$ cat start-v3.cif   # mmCIF, C-alpha atoms
data_query
loop_
_atom_site.label_atom_id
_atom_site.label_comp_id
_atom_site.auth_asym_id
_atom_site.auth_seq_id
_atom_site.Cartn_x
_atom_site.Cartn_y
_atom_site.Cartn_z
CA MET A 797 -10.47 -66.72 2.13
CA ALA A 798 -12.11 -69.54 0.18
CA THR A 799 -13.70 -68.65 -3.14
CA ARG A 800 -16.28 -70.65 -5.08
CA ILE A 801 -15.52 -70.92 -8.81
CA GLN A 802 -16.18 -73.07 -11.85
CA PHE A 803 -13.79 -74.01 -14.58
CA GLU A 804 -15.51 -74.22 -17.96
CA ASN A 805 -18.85 -74.99 -16.20
CA SER A 806 -17.34 -77.68 -13.94
CA SER A 807 -17.09 -77.53 -10.16
CA ASP A 808 -14.25 -80.07 -10.24
CA ILE A 809 -11.64 -77.32 -10.39
CA GLY A 810 -8.88 -79.46 -8.90
CA VAL A 811 -8.93 -81.59 -12.04
CA PHE A 812 -8.06 -78.54 -14.16
CA SER A 813 -5.67 -76.64 -11.89
CA LYS A 814 -2.76 -76.84 -9.45
CA LEU A 815 -2.28 -74.13 -6.81
CA THR A 816 0.89 -73.79 -4.72
CA ASN A 817 2.52 -71.00 -2.73
CA SER A 818 4.56 -70.09 -5.84
CA TYR A 819 2.27 -70.57 -8.83
CA CYS A 820 -1.11 -71.61 -10.16
CA LEU A 821 -1.42 -73.73 -13.29
CA THR A 822 -4.68 -74.11 -15.17
CA ALA A 823 -5.68 -75.78 -18.40
CA ILE A 824 -5.50 -73.63 -21.51
CA GLN A 825 -9.27 -73.18 -21.83
CA ALA A 826 -9.38 -70.82 -18.82
CA THR A 827 -11.33 -67.69 -19.67
CA ARG A 828 -10.75 -65.38 -16.70
CA ASP A 829 -7.72 -64.61 -14.51
CA VAL A 830 -8.71 -64.12 -10.88
CA ILE A 831 -5.12 -64.51 -9.61
CA PRO A 832 -1.73 -64.71 -11.39
CA ILE A 833 -2.08 -67.83 -13.52
CA VAL A 834 0.08 -69.77 -15.95
CA HIS A 835 -2.13 -71.40 -18.61
CA THR A 836 -0.58 -74.67 -19.70
CA THR A 837 -0.98 -78.23 -20.84
CA ILE A 838 1.43 -80.89 -19.65
CA GLY A 839 0.89 -84.14 -21.45
CA GLY A 840 -2.85 -84.05 -20.77
CA THR A 841 -2.38 -85.47 -17.25
CA ARG A 842 -2.72 -84.26 -13.69
CA ILE A 843 0.54 -83.09 -12.20
CA VAL A 844 2.03 -82.71 -8.74
CA GLY A 845 3.93 -79.76 -7.37
CA ASN A 846 4.75 -77.46 -4.51
CA ARG A 847 6.82 -74.29 -4.12
CA HIS A 848 9.99 -76.31 -4.74
CA GLY A 849 9.04 -77.76 -8.08
CA LEU A 850 6.65 -79.31 -10.54
CA LEU A 851 6.60 -82.98 -11.37
CA ARG A 852 5.41 -85.21 -14.18
CA VAL A 853 7.03 -88.62 -14.44
CA GLU A 854 6.48 -91.79 -16.43
CA GLU A 855 4.74 -93.98 -13.87
CA ARG A 856 2.38 -96.92 -14.29
CA LEU A 857 0.03 -95.02 -11.96
CA SER A 858 -0.09 -92.28 -14.57
CA ALA A 859 -2.33 -89.58 -13.06
CA LEU A 860 0.06 -88.36 -10.35
CA GLY A 861 -2.48 -85.86 -9.03
CA ASN A 862 -4.64 -88.80 -7.97
CA VAL A 863 -1.87 -90.77 -6.27
CA VAL A 864 0.17 -88.00 -4.59
CA ALA A 865 -0.86 -85.26 -2.16
CA CYS A 866 1.80 -82.88 -0.89
CA ASN A 867 2.58 -79.61 0.79
CA ASP A 868 6.03 -78.01 0.95
CA TYR A 869 7.38 -80.56 3.46
CA ILE A 870 5.53 -83.90 3.22
CA ALA A 871 4.13 -86.04 0.39
CA LEU A 872 1.55 -88.76 0.89
CA VAL A 873 1.68 -91.32 -1.92
CA HIS A 874 -0.20 -94.38 -3.17
CA PRO A 875 1.14 -97.49 -1.38
CA ASP A 876 2.07 -99.15 -4.69
CA ILE A 877 3.91 -96.26 -6.35
CA ASP A 878 7.27 -97.22 -7.86
CA ARG A 879 10.36 -96.75 -5.64
CA GLU A 880 12.02 -94.72 -8.39
CA THR A 881 9.02 -92.36 -8.54
CA GLU A 882 9.10 -92.05 -4.74
CA GLU A 883 12.76 -90.99 -4.91
CA ILE A 884 12.05 -88.47 -7.70
CA ILE A 885 9.21 -86.96 -5.65
CA ALA A 886 11.50 -86.62 -2.64
CA ASP A 887 14.34 -85.06 -4.69
CA VAL A 888 12.36 -82.67 -6.91
CA LEU A 889 9.77 -81.50 -4.37
CA LYS A 890 12.17 -81.61 -1.39
CA VAL A 891 9.70 -83.52 0.78
CA GLU A 892 9.60 -86.56 3.02
CA VAL A 893 7.52 -89.24 1.29
CA PHE A 894 5.10 -91.55 3.11
CA ARG A 895 3.08 -94.39 1.58
CA GLN A 896 -0.43 -93.88 2.87
CA THR A 897 -4.15 -94.47 2.36
CA ILE A 898 -6.97 -92.03 3.15
CA ALA A 899 -10.07 -93.73 4.61
CA ASP A 900 -8.85 -97.02 3.06
CA ASN A 901 -8.57 -95.35 -0.38
CA VAL A 902 -5.21 -95.64 -2.15
CA LEU A 903 -5.85 -92.54 -4.31
CA VAL A 904 -4.54 -90.12 -1.68
CA GLY A 905 -4.43 -87.16 -4.09
CA SER A 906 -8.11 -87.60 -4.91
CA TYR A 907 -9.37 -87.91 -1.35
CA CYS A 908 -7.51 -85.11 0.43
CA ALA A 909 -6.08 -81.63 0.07
CA ILE A 910 -3.18 -80.42 2.21
CA SER A 911 -1.28 -77.18 2.67
CA ASN A 912 1.33 -76.02 5.17
CA GLN A 913 -1.58 -74.81 7.34
CA GLY A 914 -3.94 -77.81 7.43
CA GLY A 915 -5.54 -80.73 5.65
CA LEU A 916 -9.03 -81.76 4.57
CA MET A 917 -9.58 -85.50 4.27
CA HIS A 918 -12.25 -87.89 2.99
CA PRO A 919 -15.35 -87.68 5.25
CA LYS A 920 -14.95 -91.31 6.35
CA THR A 921 -11.45 -90.76 7.71
CA SER A 922 -11.56 -92.03 11.30
CA ILE A 923 -10.57 -89.84 14.25
CA GLN A 924 -7.60 -92.15 14.87
CA ASP A 925 -6.44 -91.77 11.25
CA GLN A 926 -6.94 -88.00 11.43
CA ASN A 927 -4.75 -87.86 14.53
CA GLU A 928 -2.06 -90.03 12.90
CA LEU A 929 -2.09 -87.90 9.73
CA SER A 930 -1.98 -84.71 11.78
CA SER A 931 1.05 -86.02 13.66
CA LEU A 932 2.74 -87.06 10.42
CA LEU A 933 2.02 -83.79 8.57
CA GLN A 934 2.37 -81.52 11.64
CA VAL A 935 -0.81 -79.63 10.66
CA PRO A 936 -4.44 -79.87 11.84
CA ILE A 937 -6.50 -82.43 9.91
CA VAL A 938 -10.29 -82.63 9.60
CA ALA A 939 -12.66 -84.80 7.61
CA GLY A 940 -15.07 -83.05 5.30
CA THR A 941 -16.56 -82.67 1.84
CA VAL A 942 -16.70 -80.21 -1.05
CA ASN A 943 -19.20 -79.53 -3.85
CA ARG A 944 -22.33 -80.32 -1.83
CA GLY A 945 -21.15 -83.56 -0.24
CA SER A 946 -18.51 -84.88 -2.66
CA ASP A 947 -15.82 -86.96 -0.98
CA VAL A 948 -13.41 -86.40 -3.88
CA ILE A 949 -11.65 -83.51 -2.13
CA GLY A 950 -8.74 -83.21 -4.58
CA ALA A 951 -11.09 -82.72 -7.54
CA GLY A 952 -13.13 -79.97 -5.90
CA LEU A 953 -10.53 -77.93 -3.99
CA VAL A 954 -7.16 -76.30 -4.61
CA VAL A 955 -5.49 -74.55 -1.71
CA ASN A 956 -2.27 -72.86 -0.65
CA ASP A 957 -1.26 -71.01 2.53
CA TRP A 958 -3.23 -67.86 1.60
CA CYS A 959 -6.37 -68.88 -0.21
CA ALA A 960 -8.53 -71.70 -1.47
CA PHE A 961 -10.62 -72.15 -4.58
CA THR A 962 -13.43 -74.65 -4.47
CA GLY A 963 -16.20 -75.71 -6.80
CA LEU A 964 -19.25 -73.51 -7.23
CA ASP A 965 -21.45 -76.25 -5.71
CA THR A 966 -19.63 -76.03 -2.35
CA THR A 967 -22.01 -75.11 0.49
CA ALA A 968 -21.55 -72.36 3.08
CA THR A 969 -20.91 -74.99 5.76
CA GLU A 970 -18.23 -76.65 3.63
CA ILE A 971 -16.64 -73.22 3.01
CA SER A 972 -16.57 -72.59 6.78
CA VAL A 973 -14.82 -75.91 7.39
CA ILE A 974 -12.29 -75.19 4.61
CA GLU A 975 -11.53 -71.70 5.92
CA ALA A 976 -11.12 -72.95 9.50
CA THR A 977 -9.03 -75.98 8.50
CA PHE A 978 -6.61 -74.03 6.33
CA LYS A 979 -6.61 -70.91 8.59
CA LEU A 980 -7.99 -68.65 5.86
CA GLN A 981 -10.44 -66.53 7.89
CA GLY A 982 -10.10 -62.77 7.96
CA GLN A 983 -7.78 -62.39 4.98
CA SER A 984 -8.73 -59.81 2.38
CA SER A 985 -8.56 -60.74 -1.29
CA SER A 986 -6.28 -57.82 -2.19
CA ALA A 987 -3.74 -58.82 0.48
CA ILE A 988 -3.82 -62.43 -0.72
CA ILE A 989 -3.30 -61.45 -4.36
CA GLY A 990 -0.45 -59.14 -3.34
CA GLU A 991 1.25 -61.96 -1.42
CA MET A 992 0.82 -64.32 -4.36
CA ARG A 993 2.27 -61.80 -6.83
CA ASP A 994 5.25 -61.21 -4.53
CA SER A 995 5.78 -64.96 -4.27
CA LEU A 996 5.64 -65.36 -8.04
CA ILE A 997 8.12 -62.54 -8.58
CA ASP A 998 10.51 -64.00 -5.97
CA ASN A 999 10.34 -67.48 -7.50
CA TRP A 1000 10.46 -66.59 -11.20
CA ALA A 1001 12.86 -63.65 -11.10
#
$ encode --input "start-v3.cif" --output "structure tokens"
Amino acid sequence: MATRIQFENSSDIGVFSKLTNSYCLTAIQATRDVIPIVHTTIGGTRIVGNRHGLLRVEERLSALGNVVACNDYIALVHPDIDRETEEIIADVLKVEVFRQTIADNVLVGSYCAISNQGGLMHPKTSIQDQNELSSLLQVPIVAGTVNRGSDVIGAGLVVNDWCAFTGLDTTATEISVIEATFKLQGQSSSAIIGEMRDSLIDNWA
């Protein structure tokens, strides 16, 4: 199930939140809890994480959320990220790390969203690149948009294996693509919330 939301009147919800299979982090200004949420601020920057961990490192490419995209197994990173940062990502998040571009954009975290079920990439990602990324990530990959045609996927979408939250401006067609890509059709919201609570209890207990 994909749900349209706004965060403090902004459809760029990915800028203000991080959703994984174990937790959801949002900025402190959040006014309503739709799912189990940890309200936080971490140095005022975008962070990277998965079910294995949460990461904020001192890196010259400071907004990690823009330069890293990951699921629980693979991380795609900016081609110029420091080797030390690459090793920290691999160790903390327990992922294989690949230097990559998305549709010739080095900000891989901004121009894609990936989960263990699928990936949504910049709309100008070629079929050949989609096939290569699908082979690398071992999940289906499609090109698409969010928030009524925005190619900045990471800013307008957060997703895990059970649900997705996208900006309020996202169209019905974009929702359909998101739900098909991440295999979210036919899941009830109460079942999803139950699975997320169970995951939080398992990971934090």
$ atom_distance --input "start-v3.cif" --atom1 "atom CA of Val902 of chain A" --atom2 "atom CA of Val873 of chain A"
8.1 Å
$ closest_residue --input "start-v3.cif" --among "A:Phe803, A:Phe894, A:Phe812, A:Trp958" --to "Tyr869 of chain A" --atoms "all atoms listed in the file"
A:Phe894
$ resolve_selection --input "start-v3.cif" --expression "the PyMOL selection byres ((chain A and resi 874) around 12)" --output "JSON list (two decimals) with C-alpha atoms, keeping the file's coordinate frame"
[["chain", "number", "residue", "atom", "x", "y", "z"],
["A", 855, "GLU", "CA", 4.74, -93.98, -13.87],
["A", 856, "ARG", "CA", 2.38, -96.92, -14.29],
["A", 857, "LEU", "CA", 0.03, -95.02, -11.96],
["A", 858, "SER", "CA", -0.09, -92.28, -14.57],
["A", 859, "ALA", "CA", -2.33, -89.58, -13.06],
["A", 860, "LEU", "CA", 0.06, -88.36, -10.35],
["A", 861, "GLY", "CA", -2.48, -85.86, -9.03],
["A", 862, "ASN", "CA", -4.64, -88.80, -7.97],
["A", 863, "VAL", "CA", -1.87, -90.77, -6.27],
["A", 864, "VAL", "CA", 0.17, -88.00, -4.59],
["A", 865, "ALA", "CA", -0.86, -85.26, -2.16],
["A", 866, "CYS", "CA", 1.80, -82.88, -0.89],
["A", 871, "ALA", "CA", 4.13, -86.04, 0.39],
["A", 872, "LEU", "CA", 1.55, -88.76, 0.89],
["A", 873, "VAL", "CA", 1.68, -91.32, -1.92],
["A", 875, "PRO", "CA", 1.14, -97.49, -1.38],
["A", 876, "ASP", "CA", 2.07, -99.15, -4.69],
["A", 877, "ILE", "CA", 3.91, -96.26, -6.35],
["A", 878, "ASP", "CA", 7.27, -97.22, -7.86],
["A", 879, "ARG", "CA", 10.36, -96.75, -5.64],
["A", 881, "THR", "CA", 9.02, -92.36, -8.54],
["A", 882, "GLU", "CA", 9.10, -92.05, -4.74],
["A", 893, "VAL", "CA", 7.52, -89.24, 1.29],
["A", 894, "PHE", "CA", 5.10, -91.55, 3.11],
["A", 895, "ARG", "CA", 3.08, -94.39, 1.58],
["A", 896, "GLN", "CA", -0.43, -93.88, 2.87],
["A", 897, "THR", "CA", -4.15, -94.47, 2.36],
["A", 898, "ILE", "CA", -6.97, -92.03, 3.15],
["A", 900, "ASP", "CA", -8.85, -97.02, 3.06],
["A", 901, "ASN", "CA", -8.57, -95.35, -0.38],
["A", 902, "VAL", "CA", -5.21, -95.64, -2.15],
["A", 903, "LEU", "CA", -5.85, -92.54, -4.31],
["A", 904, "VAL", "CA", -4.54, -90.12, -1.68],
["A", 905, "GLY", "CA", -4.43, -87.16, -4.09],
["A", 906, "SER", "CA", -8.11, -87.60, -4.91],
["A", 907, "TYR", "CA", -9.37, -87.91, -1.35]]
$ closest_residue --input "start-v3.cif" --among "A:Gln934, A:Thr799, A:Ile949, A:Gly940" --to "Ser922 of chain A" --atoms "all atoms listed in the file"
A:Gly940
$ residues_around --input "start-v3.cif" --residues "segment 800-802 of chain A" --least-positions-apart "3" --cutoff "6 Å" --atoms "all atoms listed in the file" --output "number ranges by chain"
A: 805-807, 961-964
$ write_last_selection --input "start-v3.cif" --atoms "C-alpha atoms" --output "PDB file, in the frame of the given file"
ATOM      1  CA  ASN A 805     -18.850 -74.990 -16.200  1.00  0.00           C
ATOM      2  CA  SER A 806     -17.340 -77.680 -13.940  1.00  0.00           C
ATOM      3  CA  SER A 807     -17.090 -77.530 -10.160  1.00  0.00           C
ATOM      4  CA  PHE A 961     -10.620 -72.150  -4.580  1.00  0.00           C
ATOM      5  CA  THR A 962     -13.430 -74.650  -4.470  1.00  0.00           C
ATOM      6  CA  GLY A 963     -16.200 -75.710  -6.800  1.00  0.00           C
ATOM      7  CA  LEU A 964     -19.250 -73.510  -7.230  1.00  0.00           C
TER       8      LEU A 964
END
$ axis_aligned_box --input "start-v3.cif" --around "segment 958-971 of chain A" --padding-each-side "8 Å" --output "JSON"
{"center_x": -12.6, "center_y": -72.3, "center_z": -0.7, "size_x": 34.8, "size_y": 24.8, "size_z": 29.0}
$ closest_residue --input "start-v3.cif" --among "A:Ala899, A:Leu851, A:Leu933, A:Ile884" --to "Gly915 of chain A" --atoms "only C-alpha atoms"
A:Leu933
$ atom_distance --input "start-v3.cif" --atom1 "atom CA of Tyr819 of chain A" --atom2 "atom CA of Arg852 of chain A"
15.9 Å
$ resolve_selection --input "start-v3.cif" --expression "the PyMOL selection byres ((chain A and resi 797) around 7)" --output "mmCIF file with C-alpha atoms, in the coordinates of the input"
data_model
loop_
_atom_site.group_PDB
_atom_site.id
_atom_site.type_symbol
_atom_site.label_atom_id
_atom_site.label_comp_id
_atom_site.auth_asym_id
_atom_site.auth_seq_id
_atom_site.Cartn_x
_atom_site.Cartn_y
_atom_site.Cartn_z
ATOM 1 C CA ALA A 798 -12.110 -69.540 0.180
ATOM 2 C CA THR A 799 -13.700 -68.650 -3.140
ATOM 3 C CA CYS A 959 -6.370 -68.880 -0.210
ATOM 4 C CA ALA A 960 -8.530 -71.700 -1.470
ATOM 5 C CA GLU A 975 -11.530 -71.700 5.920
ATOM 6 C CA LEU A 980 -7.990 -68.650 5.860
ATOM 7 C CA GLN A 981 -10.440 -66.530 7.890
ATOM 8 C CA GLN A 983 -7.780 -62.390 4.980
#
$ closest_residue --input "start-v3.cif" --among "A:Ser946, A:Thr977, A:Thr969, A:Asn867" --to "Leu916 of chain A" --atoms "only C-alpha atoms"
A:Thr977
$ closest_residue --input "start-v3.cif" --among "A:Gly810, A:Gly952, A:Pro919, A:Gly914" --to "Ile937 of chain A" --atoms "all atoms listed in the file"
A:Gly914
$ residues_around --input "start-v3.cif" --residues "Leu932 of chain A" --least-positions-apart "4" --cutoff "9 Å" --atoms "only C-alpha atoms" --output "PyMOL selection string"
chain A and resi 870+894+927-928
$ closest_residue --input "start-v3.cif" --among "A:Lys920, A:Val954, A:Ala968, A:Glu883" --to "Thr822 of chain A" --atoms "all atoms listed in the file"
A:Val954
$ atom_distance --input "start-v3.cif" --atom1 "atom CA of Leu889 of chain A" --atom2 "atom CA of Asp868 of chain A"
7.4 Å
$ decode --input "start-v3.cif" --residues "segment 945-967 of chain A" --atoms "C-alpha atoms" --output "CSV table (one decimal), in the first residue's frame"
chain,number,residue,atom,x,y,z
A,945,GLY,CA,6.3,14.4,-12.5
A,946,SER,CA,9.3,15.1,-10.2
A,947,ASP,CA,12.4,13.1,-11.0
A,948,VAL,CA,13.8,13.6,-7.5
A,949,ILE,CA,12.5,10.2,-6.3
A,950,GLY,CA,14.4,10.1,-3.0
A,951,ALA,CA,12.9,13.4,-1.9
A,952,GLY,CA,9.3,12.4,-2.7
A,953,LEU,CA,9.2,8.7,-1.6
A,954,VAL,CA,10.1,6.6,1.4
A,955,VAL,CA,9.6,2.9,1.1
A,956,ASN,CA,10.2,-0.4,2.9
A,957,ASP,CA,9.1,-4.0,2.2
A,958,TRP,CA,5.5,-3.4,3.4
A,959,CYS,CA,4.5,0.1,2.6
A,960,ALA,CA,5.4,3.4,0.9
A,961,PHE,CA,4.8,7.0,1.7
A,962,THR,CA,4.9,9.5,-1.0
A,963,GLY,CA,4.2,13.2,-1.4
A,964,LEU,CA,0.6,14.4,-1.5
A,965,ASP,CA,1.1,15.7,-5.1
A,966,THR,CA,1.8,12.1,-6.4
A,967,THR,CA,-0.7,11.1,-9.1
